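Here's structure_24.cif, which has mmCIF, C-alpha atoms:
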data_final
loop_
_atom_site.label_atom_id
_atom_site.label_comp_id
_atom_site.auth_asym_id
_atom_site.auth_seq_id
_atom_site.Cartn_x
_atom_site.Cartn_y
_atom_site.Cartn_z
CA MET A 1 -134.09 155.60 12.88
CA GLY A 2 -136.78 155.41 10.18
CA LEU A 3 -136.15 153.92 6.77
CA GLY A 4 -135.93 157.37 5.22
CA ALA A 5 -132.85 158.07 7.32
CA LEU A 6 -131.15 154.83 6.35
CA ALA A 7 -129.96 156.15 3.00
CA ALA A 8 -127.33 158.16 4.84
CA VAL A 9 -125.82 155.05 6.43
CA ALA A 10 -123.01 153.37 4.50
CA GLY A 11 -123.85 149.78 3.55
CA THR A 12 -127.47 150.24 4.66
CA LEU A 13 -130.06 147.54 4.27
CA VAL A 14 -132.84 148.08 1.77
CA ALA A 15 -136.50 147.49 2.54
CA ALA A 16 -138.25 144.86 0.49
CA PRO A 17 -140.88 146.40 -1.85
CA ARG A 18 -143.90 145.96 0.41
CA ALA A 19 -146.02 149.08 0.72
CA ALA A 20 -148.03 147.88 3.69
CA ALA A 21 -145.01 147.24 5.91
CA ALA A 22 -144.52 149.71 8.78
CA PRO A 23 -141.02 151.23 9.09
CA LEU A 24 -138.81 150.00 11.89
CA ALA A 25 -137.56 152.70 14.26
CA VAL A 26 -134.14 152.05 15.76
CA SER A 27 -132.29 153.74 18.61
CA THR A 28 -128.87 152.75 19.98
CA SER A 29 -127.50 152.85 23.53
CA ASP A 30 -124.76 151.49 25.78
CA PRO A 31 -125.84 149.73 29.02
CA GLY A 32 -122.72 151.09 30.71
CA SER A 33 -119.14 150.04 30.07
CA GLY A 34 -117.04 153.18 29.78
CA LEU A 35 -116.00 154.84 26.52
CA PHE A 36 -113.27 152.31 25.71
CA SER A 37 -113.58 148.70 26.81
CA VAL A 38 -111.02 146.20 25.52
CA GLY A 39 -112.58 142.78 25.12
CA GLY A 40 -116.06 143.94 26.13
CA GLY A 41 -119.49 142.97 24.87
CA THR A 42 -122.74 141.18 25.63
CA SER A 43 -123.43 137.51 25.04
CA LEU A 44 -126.87 136.79 26.62
CA GLN A 45 -130.15 138.64 27.03
CA ALA A 46 -133.22 137.88 29.14
CA GLU A 47 -136.80 138.77 28.29
CA ASN A 48 -136.85 141.25 31.20
CA GLY A 49 -133.89 143.12 29.67
CA ALA A 50 -131.11 141.69 31.84
CA LEU A 51 -127.78 141.18 30.04
CA PHE A 52 -124.69 139.07 30.62
CA GLY A 53 -121.33 139.95 29.09
CA ARG A 54 -117.80 140.99 29.84
CA ASN A 55 -115.21 143.73 29.82
CA GLU A 56 -111.47 143.77 30.35
CA ARG A 57 -111.89 143.29 34.11
CA GLY A 58 -114.21 140.31 34.17
CA SER A 59 -117.77 139.09 33.59
CA LEU A 60 -120.73 141.42 34.04
CA LEU A 61 -124.46 141.18 34.72
CA TRP A 62 -126.60 144.19 33.87
CA ALA A 63 -129.89 143.92 35.77
CA GLY A 64 -132.42 146.41 37.09
CA GLY A 65 -130.29 149.44 36.26
CA ARG A 66 -127.19 148.17 38.06
CA THR A 67 -124.05 146.31 37.01
CA VAL A 68 -122.86 143.24 38.95
CA GLU A 69 -119.27 142.12 38.47
CA PHE A 70 -118.30 138.43 38.51
CA PRO A 71 -114.75 137.02 38.61
CA LYS A 72 -112.98 136.86 35.27
CA GLY A 73 -113.70 133.51 33.63
CA THR A 74 -117.29 133.26 34.88
CA THR A 75 -119.52 132.18 32.00
CA GLY A 76 -123.20 132.73 31.39
CA VAL A 77 -125.14 129.97 29.62
CA ALA A 78 -128.84 130.94 29.69
CA PHE A 79 -131.41 133.22 31.34
CA THR A 80 -134.95 132.63 32.53
CA ARG A 81 -137.54 135.14 31.38
CA ASP A 82 -137.20 137.10 34.65
CA GLY A 83 -133.40 137.24 34.62
CA VAL A 84 -132.31 134.22 36.67
CA LEU A 85 -128.96 133.10 35.22
CA VAL A 86 -127.20 129.74 34.89
CA GLY A 87 -123.53 129.45 34.06
CA THR A 88 -120.20 128.32 35.45
CA SER A 89 -117.61 129.62 37.87
CA PRO A 90 -114.04 130.31 36.66
CA GLU A 91 -113.24 126.75 37.84
CA GLY A 92 -116.02 125.30 35.66
CA ALA A 93 -118.52 124.49 38.43
CA GLY A 94 -122.23 124.95 37.64
CA ARG A 95 -123.99 127.92 39.23
CA LEU A 96 -127.53 129.33 39.46
CA TRP A 97 -127.73 133.06 40.21
CA ASN A 98 -130.78 135.06 41.25
CA ALA A 99 -131.88 138.00 39.11
CA ASP A 100 -129.93 140.39 41.35
CA GLY A 101 -126.68 138.45 40.83
CA THR A 102 -126.61 136.72 44.21
CA LEU A 103 -125.82 133.01 44.23
CA ALA A 104 -128.96 130.84 44.37
CA ALA A 105 -127.46 127.35 44.14
CA ASP A 106 -124.42 125.29 43.30
CA LEU A 107 -125.34 122.84 40.56
CA PRO A 108 -124.29 119.16 40.38
CA GLY A 109 -123.13 119.45 36.79
CA VAL A 110 -122.44 121.86 33.94
CA PRO A 111 -125.58 123.79 32.85
CA VAL A 112 -126.79 123.67 29.26
CA ASP A 113 -130.08 125.58 29.57
CA VAL A 114 -132.67 126.77 32.09
CA ALA A 115 -136.49 126.96 31.97
CA ASP A 116 -138.51 129.83 33.40
CA ASP A 117 -139.40 127.76 36.50
CA ARG A 118 -135.65 127.31 37.22
CA THR A 119 -135.49 123.73 35.97
CA VAL A 120 -131.90 123.37 34.75
CA LEU A 121 -130.66 121.06 32.02
CA LEU A 122 -127.26 119.77 33.13
CA ARG A 123 -124.39 117.78 31.75
CA ALA A 124 -123.88 115.45 34.72
CA GLY A 125 -121.23 112.75 34.61
CA SER A 126 -121.44 110.86 31.33
CA GLY A 127 -125.02 111.94 30.58
CA TYR A 128 -127.63 114.65 31.07
CA ALA A 129 -130.15 115.36 33.81
CA LEU A 130 -132.84 117.84 34.80
CA TRP A 131 -132.28 119.62 38.13
CA ARG A 132 -135.02 121.37 40.08
CA ASP A 133 -134.79 122.51 43.71
CA GLY A 134 -132.08 119.97 44.47
CA ALA A 135 -133.81 117.00 42.81
CA LEU A 136 -132.08 115.36 39.85
CA THR A 137 -133.86 113.47 37.05
CA PRO A 138 -131.45 111.68 34.67
CA LEU A 139 -132.37 111.65 30.97
CA ARG A 140 -132.67 108.07 29.79
CA ALA A 141 -131.00 108.67 26.44
CA SER A 142 -128.31 106.97 24.39
CA VAL A 143 -124.74 107.24 25.64
CA SER A 144 -124.03 109.21 22.45
CA PHE A 145 -126.87 111.69 23.12
CA THR A 146 -126.02 115.41 22.96
CA ALA A 147 -128.57 117.89 24.35
CA VAL A 148 -129.09 121.12 22.42
CA ASP A 149 -132.06 123.07 23.81
CA MET A 150 -134.84 122.90 26.42
CA ASN A 151 -138.31 124.47 26.53
CA ASN A 152 -140.38 125.71 29.46
CA ARG A 153 -142.17 122.34 29.78
CA GLY A 154 -138.88 120.61 30.57
CA GLN A 155 -138.71 118.94 27.14
CA VAL A 156 -135.20 118.61 25.72
CA ALA A 157 -134.12 118.48 22.07
CA GLY A 158 -130.90 116.76 21.10
CA VAL A 159 -129.24 114.29 18.78
CA ASN A 160 -127.78 110.80 18.91
CA GLY A 161 -124.21 110.45 17.71
CA GLY A 162 -122.73 113.77 18.80
CA GLN A 163 -122.85 117.20 17.19
CA THR A 164 -120.54 116.39 14.28
CA ASN A 165 -121.79 112.92 13.30
CA ALA A 166 -125.39 112.77 14.54
CA THR A 167 -127.75 110.21 13.02
CA GLY A 168 -131.02 110.88 14.84
CA VAL A 169 -133.03 113.69 16.46
CA VAL A 170 -134.25 113.01 20.01
CA ARG A 171 -136.92 114.56 22.23
CA CYS A 172 -136.75 113.92 25.99
CA GLU A 173 -139.58 114.58 28.46
CA ILE A 174 -139.50 116.08 31.94
CA ASP A 175 -139.83 112.58 33.47
CA GLY A 176 -136.49 111.62 31.84
CA SER A 177 -137.92 109.44 29.06
CA CYS A 178 -136.46 109.97 25.58
CA ALA A 179 -137.56 109.01 22.05
CA THR A 180 -135.76 109.11 18.70
CA LEU A 181 -137.89 110.97 16.16
CA PRO A 182 -138.58 109.81 12.59
CA LEU A 183 -136.66 110.92 9.53
CA PRO A 184 -138.24 111.40 6.10
CA PRO A 185 -137.64 108.94 3.27
CA GLY A 186 -134.33 109.56 1.51
CA SER A 187 -132.52 110.98 4.52
CA VAL A 188 -128.92 109.88 4.91
CA GLY A 189 -125.98 110.74 7.09
CA PHE A 190 -125.89 113.90 9.14
CA VAL A 191 -128.79 115.41 11.13
CA GLU A 192 -128.86 118.30 13.59
CA ALA A 193 -131.35 119.84 16.00
CA ALA A 194 -131.29 123.61 16.52
CA ALA A 195 -134.15 124.58 18.83
CA ILE A 196 -137.34 123.43 20.58
CA ASN A 197 -140.27 125.70 21.44
CA ASP A 198 -142.84 125.45 24.22
CA SER A 199 -145.22 123.35 22.11
CA GLY A 200 -142.48 120.73 21.70
CA ARG A 201 -141.79 121.63 18.07
CA ILE A 202 -138.16 120.98 17.05
CA VAL A 203 -136.38 122.46 14.05
CA GLY A 204 -133.10 121.36 12.52
CA ASN A 205 -131.42 120.09 9.38
CA ILE A 206 -130.96 116.73 7.70
CA ASP A 207 -129.04 115.38 4.72
CA ILE A 208 -131.19 114.19 1.85
CA ASN A 209 -129.97 111.51 -0.54
CA THR A 210 -129.60 113.49 -3.75
CA GLN A 211 -126.65 113.81 -6.10
CA THR A 212 -125.36 116.73 -4.05
CA ARG A 213 -126.27 115.27 -0.59
CA THR A 214 -128.01 118.53 0.31
CA ARG A 215 -128.69 119.87 3.78
CA THR A 216 -132.45 120.41 4.19
CA ALA A 217 -134.49 122.29 6.82
CA ALA A 218 -136.86 120.06 8.81
CA VAL A 219 -139.54 120.37 11.49
CA TRP A 220 -140.61 117.72 14.01
CA ASP A 221 -144.12 118.15 15.43
CA GLY A 222 -145.19 115.44 17.86
CA GLY A 223 -144.20 112.18 16.19
CA SER A 224 -144.08 113.47 12.61
CA VAL A 225 -141.43 115.17 10.49
CA SER A 226 -141.80 117.51 7.52
CA LEU A 227 -139.45 119.47 5.28
CA LEU A 228 -139.59 123.25 5.00
CA PRO A 229 -140.15 124.47 1.43
CA PRO A 230 -137.52 126.46 -0.51
CA ALA A 231 -138.20 130.03 -1.58
CA PRO A 232 -139.03 130.55 -5.27
CA GLY A 233 -135.93 130.24 -7.44
CA THR A 234 -133.98 128.27 -4.82
CA THR A 235 -133.53 124.57 -4.13
CA GLN A 236 -131.66 124.11 -0.84
CA THR A 237 -132.76 125.03 2.67
CA ARG A 238 -131.30 125.02 6.15
CA VAL A 239 -132.38 126.27 9.56
CA ALA A 240 -130.15 128.71 11.41
CA THR A 241 -128.36 126.68 14.07
CA THR A 242 -129.11 128.90 17.09
CA ARG A 243 -131.61 128.53 19.93
CA GLY A 244 -133.23 131.67 18.56
CA ALA A 245 -134.10 129.95 15.27
CA LEU A 246 -137.65 129.16 16.43
CA ASN A 247 -140.23 131.15 18.40
CA ASN A 248 -143.28 129.92 20.27
CA ARG A 249 -145.74 130.90 17.57
CA GLY A 250 -143.83 128.66 15.13
CA ASP A 251 -141.78 131.08 13.03
CA VAL A 252 -138.46 129.60 11.85
CA ILE A 253 -135.45 131.50 10.50
CA GLY A 254 -132.90 130.07 8.10
CA PHE A 255 -131.67 130.10 4.52
CA SER A 256 -132.98 129.09 1.11
CA THR A 257 -130.29 129.04 -1.52
CA PRO A 258 -129.75 128.15 -5.19
CA GLU A 259 -127.76 124.94 -5.47
CA VAL A 260 -124.83 126.60 -7.24
CA GLU A 261 -124.44 129.11 -4.37
CA TYR A 262 -124.88 126.75 -1.43
CA GLY A 263 -121.19 126.68 -0.53
CA PHE A 264 -121.08 130.47 -0.16
CA GLY A 265 -122.64 130.25 3.28
CA GLY A 266 -126.38 130.56 2.67
CA GLN A 267 -126.65 134.21 1.70
CA HIS A 268 -130.44 134.08 1.11
CA PRO A 269 -132.08 134.40 4.55
CA VAL A 270 -135.77 133.55 4.94
CA VAL A 271 -138.53 133.21 7.52
CA TRP A 272 -140.86 130.22 7.47
CA GLY A 273 -144.24 130.90 9.07
CA ALA A 274 -146.03 128.40 11.27
CA ASP A 275 -148.22 127.61 8.24
CA GLY A 276 -145.14 126.62 6.20
CA SER A 277 -145.05 129.82 4.13
CA VAL A 278 -141.60 131.14 3.22
CA THR A 279 -140.70 134.85 3.07
CA PRO A 280 -137.29 136.14 1.88
CA ILE A 281 -135.40 138.62 4.09
CA ALA A 282 -133.97 141.41 1.93
CA VAL A 283 -130.22 141.97 2.42
CA PRO A 284 -128.45 144.05 -0.27
CA ASP A 285 -125.34 143.11 -2.24
CA GLN A 286 -125.90 139.40 -1.57
CA ARG A 287 -123.79 139.77 1.57
CA GLN A 288 -123.36 136.86 3.94
CA VAL A 289 -125.40 137.15 7.12
CA ARG A 290 -125.70 135.34 10.42
CA LEU A 291 -129.29 135.03 11.59
CA ALA A 292 -129.44 135.17 15.38
CA ASP A 293 -132.98 135.35 16.73
CA VAL A 294 -136.69 135.87 16.02
CA ASN A 295 -139.04 137.19 18.70
CA GLU A 296 -142.75 136.55 19.20
CA ASN A 297 -143.63 139.64 17.14
CA GLY A 298 -141.75 138.35 14.10
CA VAL A 299 -138.75 140.67 14.44
CA VAL A 300 -135.63 138.94 13.09
CA VAL A 301 -132.14 140.14 13.99
CA GLY A 302 -128.71 139.19 12.75
CA THR A 303 -125.39 140.47 11.51
CA ARG A 304 -124.37 141.31 7.97
CA TYR A 305 -120.74 140.59 7.13
CA GLY A 306 -118.29 142.38 4.87
CA PRO A 307 -117.52 141.51 1.24
CA GLY A 308 -116.59 137.84 0.89
CA GLY A 309 -118.08 137.09 4.30
CA VAL A 310 -115.09 138.51 6.21
CA GLY A 311 -115.61 140.60 9.33
CA ALA A 312 -118.82 141.82 10.98
CA ASP A 313 -120.26 144.87 9.25
CA VAL A 314 -123.55 146.00 10.76
CA GLY A 315 -126.42 144.48 12.64
CA PHE A 316 -129.86 144.41 11.09
CA ALA A 317 -133.48 143.93 12.08
CA TRP A 318 -136.29 142.78 9.81
CA ARG A 319 -140.04 142.55 10.22
CA ALA A 320 -142.81 141.87 7.68
CA GLY A 321 -140.74 142.86 4.65
CA THR A 322 -139.01 145.92 6.12
CA ALA A 323 -135.37 146.00 7.20
CA ALA A 324 -133.32 148.47 9.23
CA VAL A 325 -129.67 148.86 10.14
CA LEU A 326 -128.61 148.35 13.76
CA PRO A 327 -125.52 150.59 13.74
CA ALA A 328 -122.56 150.58 16.09
CA VAL A 329 -122.81 152.78 19.16
CA PHE A 330 -121.30 156.26 18.74
CA GLY A 331 -117.51 156.13 18.44
CA GLN A 332 -117.42 152.52 17.21
CA THR A 333 -117.30 151.14 13.67
CA TRP A 334 -118.88 147.67 13.46
CA ALA A 335 -121.80 145.97 15.17
CA GLU A 336 -122.72 142.34 15.82
CA VAL A 337 -126.13 141.29 17.18
CA HIS A 338 -127.02 138.10 19.08
CA SER A 339 -130.63 138.43 20.29
CA VAL A 340 -133.90 140.35 20.42
CA ASN A 341 -136.53 140.06 23.16
CA ASP A 342 -140.29 140.46 22.80
CA ALA A 343 -140.11 144.09 23.93
CA GLY A 344 -137.97 144.82 20.85
CA GLN A 345 -134.64 145.20 22.66
CA ALA A 346 -131.79 143.78 20.57
CA ALA A 347 -128.41 143.16 22.15
CA GLY A 348 -124.87 142.72 20.88
CA THR A 349 -121.47 144.35 20.68
CA SER A 350 -119.96 147.37 18.91
CA THR A 351 -116.31 147.19 17.89
CA SER A 352 -113.61 149.44 16.47
CA GLY A 353 -109.94 148.89 15.73
CA PHE A 354 -107.12 151.15 16.88
CA ARG A 355 -103.48 151.02 15.78
CA PRO A 356 -101.44 153.96 17.17
CA VAL A 357 -98.42 153.16 15.00
CA PRO A 358 -98.82 151.35 11.64
CA TRP A 359 -96.30 148.64 12.49
CA LEU A 360 -97.65 147.93 16.01
CA PRO A 361 -100.39 145.36 16.72
CA GLY A 362 -103.84 146.86 16.96
CA LEU A 363 -106.45 146.74 19.71
CA ASN A 364 -110.14 145.98 19.34
CA PHE A 365 -112.20 148.30 21.51
CA GLU A 366 -115.55 146.66 22.18
CA ARG A 367 -118.65 148.05 23.87
CA PRO A 368 -121.85 146.33 24.96
CA THR A 369 -124.67 147.69 22.82
CA LEU A 370 -128.47 147.75 22.93
CA TRP A 371 -130.88 148.65 20.14
CA SER A 372 -134.55 149.45 20.55
CA VAL A 373 -136.42 148.09 17.52
CA ARG A 374 -140.00 149.33 17.10
#
For the file at hand, write its structure as structure tokens.
Amino acid sequence: MGLGALAAVAGTLVAAPRAAAAPLAVSTSDPGSGLFSVGGGTSLQAENGALFGRNERGSLLWAGGRTVEFPKGTTGVAFTRDGVLVGTSPEGAGRLWNADGTLAADLPGVPVDVADDRTVLLRAGSGYALWRDGALTPLRASVSFTAVDMNNRGQVAGVNGGQTNATGVVRCEIDGSCATLPLPPGSVGFVEAAAINDSGRIVGNIDINTQTRTRTAAVWDGGSVSLLPPAPGTTQTRVATTRGALNNRGDVIGFSTPEVEYGFGGQHPVVWGADGSVTPIAVPDQRQVRLADVNENGVVVGTRYGPGGVGADVGFAWRAGTAAVLPAVFGQTWAEVHSVNDAGQAAGTSTSGFRPVPWLPGLNFERPTLWSVR
């Protein structure tokens, strides 16, 4: 769908006034779930287009034009670029599956992430370890260390103190060594790490000691830390807390918000370039959004929510100042988006509600959904 066609879509996004920006073309499809699927949807996407999700019968892997069914309760945690999957069995045991859905290995812990060479980051016992071809390398981190993300060099980003009361950002290396990274002057209290890219760059948020104790977006490169600048007219920044918040070329997605509006959920999404530049993402009506992912071509995807931040509304894609709606698949009402790969395939779920009799409980019919964003 070109931008000219977007005017016919209720609640459409509006392109930022940037004449040089090329329109985004969007098409919508269903990878195959049947017309009505109760409790369906996608949750993971690989660079090769493989998807992991669920329907009312169980867990599903879409790969190479076929659908593989797993027992209900199987979870997917992460994909390699070529579609190898890590996750857990219904009993909670760690698993590594080949791209065709066959079992590759039982894992000696609960998987957190996987690199493209099949190195798996595991929660093992009371700590974390890297697993590769049966060999286990424990991470020599604090007992309070919580791992968040891993890159394709086997480097791990995490925090000391747990997710809810962390006091330091940590980078671990493939040999198991770990180092606590510096914080800028004035930092107090809570810190969080969101993502690490293949150059070892980590992005996250810290509290700065001001009168309002503001959350501030930060970047760790090597052994140094810097703060990401706010957009003009705003004062407070924060990185989106997803693994998709950072790409390998250094783009970061997050929010830059006036102080008086900070508690509303960060309704001013932005992209920081690798050079530290900040570009607002245009979303109309000051609606709340959830930023999900940015690919290597600078395409950002997310979900816009209804008035007051209640209920998913539509998905959206943005690139270089131009935005486009990612609508629900035909027959559905709302859409929610979780990822976009470098080929421009976005993935998520379309939902609609059905209540046959006004006084009976309703059902949410959900369908796995793909969008091609060009």
TODO: Apply the PyMOL selection byres ((chain A and resi 63) around 9) to the structure shown and report the selected residues as a list in words.
DONE: Asn48, Gly49, Ala50, Leu51, Phe52, Leu61, Trp62, Gly64, Gly65, Arg66, Thr67, Val68, Gly83, Ala99, Asp100 and Gly101 of chain A
Task: Explicit residue set for the PyMOL selection byres ((chain A and resi 332-334) around 9), as a ChimeraX atom specification - done: /A:311-315,327-331,335-336,349-353,365-367
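The spacing separating CA of Gly222 in chain A from CA of Asn205 in chain A amounts to 16.8 Å.
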Counting all atoms listed in the file, what is within 8 Å of range 191-198 of chain A, bar same-chain residues fewer than 4 positions away, as an mmCIF file with C-alpha atoms, in the frame of the given file?
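The resulting selection-v9.cif:
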data_model
loop_
_atom_site.group_PDB
_atom_site.id
_atom_site.type_symbol
_atom_site.label_atom_id
_atom_site.label_comp_id
_atom_site.auth_asym_id
_atom_site.auth_seq_id
_atom_site.Cartn_x
_atom_site.Cartn_y
_atom_site.Cartn_z
ATOM 1 C CA VAL A 148 -129.090 121.120 22.420
ATOM 2 C CA ASP A 149 -132.060 123.070 23.810
ATOM 3 C CA MET A 150 -134.840 122.900 26.420
ATOM 4 C CA ASN A 151 -138.310 124.470 26.530
ATOM 5 C CA ASN A 152 -140.380 125.710 29.460
ATOM 6 C CA ARG A 153 -142.170 122.340 29.780
ATOM 7 C CA VAL A 156 -135.200 118.610 25.720
ATOM 8 C CA ALA A 157 -134.120 118.480 22.070
ATOM 9 C CA GLY A 158 -130.900 116.760 21.100
ATOM 10 C CA VAL A 159 -129.240 114.290 18.780
ATOM 11 C CA GLN A 163 -122.850 117.200 17.190
ATOM 12 C CA ASN A 165 -121.790 112.920 13.300
ATOM 13 C CA ALA A 166 -125.390 112.770 14.540
ATOM 14 C CA THR A 167 -127.750 110.210 13.020
ATOM 15 C CA GLY A 168 -131.020 110.880 14.840
ATOM 16 C CA VAL A 169 -133.030 113.690 16.460
ATOM 17 C CA ILE A 202 -138.160 120.980 17.050
ATOM 18 C CA VAL A 203 -136.380 122.460 14.050
ATOM 19 C CA GLY A 204 -133.100 121.360 12.520
ATOM 20 C CA ASN A 205 -131.420 120.090 9.380
ATOM 21 C CA ILE A 206 -130.960 116.730 7.700
ATOM 22 C CA ASP A 207 -129.040 115.380 4.720
ATOM 23 C CA VAL A 239 -132.380 126.270 9.560
ATOM 24 C CA ALA A 240 -130.150 128.710 11.410
ATOM 25 C CA THR A 241 -128.360 126.680 14.070
ATOM 26 C CA THR A 242 -129.110 128.900 17.090
ATOM 27 C CA ARG A 243 -131.610 128.530 19.930
ATOM 28 C CA GLY A 244 -133.230 131.670 18.560
ATOM 29 C CA ALA A 245 -134.100 129.950 15.270
ATOM 30 C CA LEU A 246 -137.650 129.160 16.430
ATOM 31 C CA ASN A 247 -140.230 131.150 18.400
ATOM 32 C CA ASN A 248 -143.280 129.920 20.270
ATOM 33 C CA GLY A 250 -143.830 128.660 15.130
#
Any chance you could resolve the PyMOL selection byres ((chain A and resi 88) around 12) against this file and give the residues as a PDB file with C-alpha atoms, in the frame of the given file?
ATOM      1  CA  SER A  59    -117.770 139.090  33.590  1.00  0.00           C
ATOM      2  CA  PHE A  70    -118.300 138.430  38.510  1.00  0.00           C
ATOM      3  CA  PRO A  71    -114.750 137.020  38.610  1.00  0.00           C
ATOM      4  CA  LYS A  72    -112.980 136.860  35.270  1.00  0.00           C
ATOM      5  CA  GLY A  73    -113.700 133.510  33.630  1.00  0.00           C
ATOM      6  CA  THR A  74    -117.290 133.260  34.880  1.00  0.00           C
ATOM      7  CA  THR A  75    -119.520 132.180  32.000  1.00  0.00           C
ATOM      8  CA  GLY A  76    -123.200 132.730  31.390  1.00  0.00           C
ATOM      9  CA  VAL A  77    -125.140 129.970  29.620  1.00  0.00           C
ATOM     10  CA  ALA A  78    -128.840 130.940  29.690  1.00  0.00           C
ATOM     11  CA  LEU A  85    -128.960 133.100  35.220  1.00  0.00           C
ATOM     12  CA  VAL A  86    -127.200 129.740  34.890  1.00  0.00           C
ATOM     13  CA  GLY A  87    -123.530 129.450  34.060  1.00  0.00           C
ATOM     14  CA  SER A  89    -117.610 129.620  37.870  1.00  0.00           C
ATOM     15  CA  PRO A  90    -114.040 130.310  36.660  1.00  0.00           C
ATOM     16  CA  GLU A  91    -113.240 126.750  37.840  1.00  0.00           C
ATOM     17  CA  GLY A  92    -116.020 125.300  35.660  1.00  0.00           C
ATOM     18  CA  ALA A  93    -118.520 124.490  38.430  1.00  0.00           C
ATOM     19  CA  GLY A  94    -122.230 124.950  37.640  1.00  0.00           C
ATOM     20  CA  ARG A  95    -123.990 127.920  39.230  1.00  0.00           C
ATOM     21  CA  LEU A  96    -127.530 129.330  39.460  1.00  0.00           C
ATOM     22  CA  TRP A  97    -127.730 133.060  40.210  1.00  0.00           C
ATOM     23  CA  LEU A 103    -125.820 133.010  44.230  1.00  0.00           C
ATOM     24  CA  ALA A 105    -127.460 127.350  44.140  1.00  0.00           C
ATOM     25  CA  ASP A 106    -124.420 125.290  43.300  1.00  0.00           C
ATOM     26  CA  LEU A 107    -125.340 122.840  40.560  1.00  0.00           C
ATOM     27  CA  PRO A 108    -124.290 119.160  40.380  1.00  0.00           C
ATOM     28  CA  GLY A 109    -123.130 119.450  36.790  1.00  0.00           C
ATOM     29  CA  VAL A 110    -122.440 121.860  33.940  1.00  0.00           C
ATOM     30  CA  PRO A 111    -125.580 123.790  32.850  1.00  0.00           C
ATOM     31  CA  VAL A 112    -126.790 123.670  29.260  1.00  0.00           C
ATOM     32  CA  ASP A 113    -130.080 125.580  29.570  1.00  0.00           C
ATOM     33  CA  LEU A 122    -127.260 119.770  33.130  1.00  0.00           C
ATOM     34  CA  ARG A 123    -124.390 117.780  31.750  1.00  0.00           C
TER      35      ARG A 123
END
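Counting from CA of Tyr128 in chain A, the distance to CA of Arg140 in chain A is 8.4 Å.
The space between CA of Gly125 in chain A and CA of Gly162 in chain A spans 15.9 Å.
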Centre, x/y/z edge lengths, axis-aligned box for range 115-126 of chain A with 8 Å per side, as AutoDock Vina command-line options:
--center_x -130.3 --center_y 120.3 --center_z 34.3 --size_x 34.2 --size_y 35.0 --size_z 21.9
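For the residues A:Gly298, A:Gly41, A:Gly176, A:Gly58, ranking by smallest atom-to-atom distance to Asp342 in chain A using only C-alpha atoms places A:Gly298 first.
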Open item on the list: Let me make sure I understand: among A:Val301, A:Ile281, A:Leu136, A:Val225, which one has the smallest atom-to-atom distance to Thr180 in chain A if we use only C-alpha atoms?
Closed with: A:Val225
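For the residues A:Arg81, A:Arg238, A:Arg171, A:Arg118, ranking by smallest atom-to-atom distance to Gln45 in chain A using all atoms listed in the file places A:Arg81 first.
Take the candidates A:Val300, A:Gly154, A:Asn295, A:Thr28 and check each one against Glu47 in chain A using all atoms listed in the file; the shortest distance goes to A:Asn295.
Nearest to His338 in chain A of all the residues A:Asp30, A:Asp293, A:Glu173, A:Asp251 is A:Asp293, based on all atoms listed in the file.
Residues in contact with Phe255 in chain A at 9 Å, where all atoms listed in the file are counted and same-chain residues fewer than 5 positions away are skipped, are listed as Ala217, Pro230, Ala231, Gln236, Thr237, Arg238, Val239, Ala240, Gly266, Gln267, His268, Pro269, Val270, Val271, Pro280 and Leu291 of chain A.
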- [ ] Within 10 Å of Pro232 in chain A, counting all atoms listed in the file, which residues show up once you throw out same-chain ones fewer than 6 positions away? Write them as a list in words, please.
- [x] Ser256, Thr257, Pro258, Val278, Thr279 and Pro280 of chain A
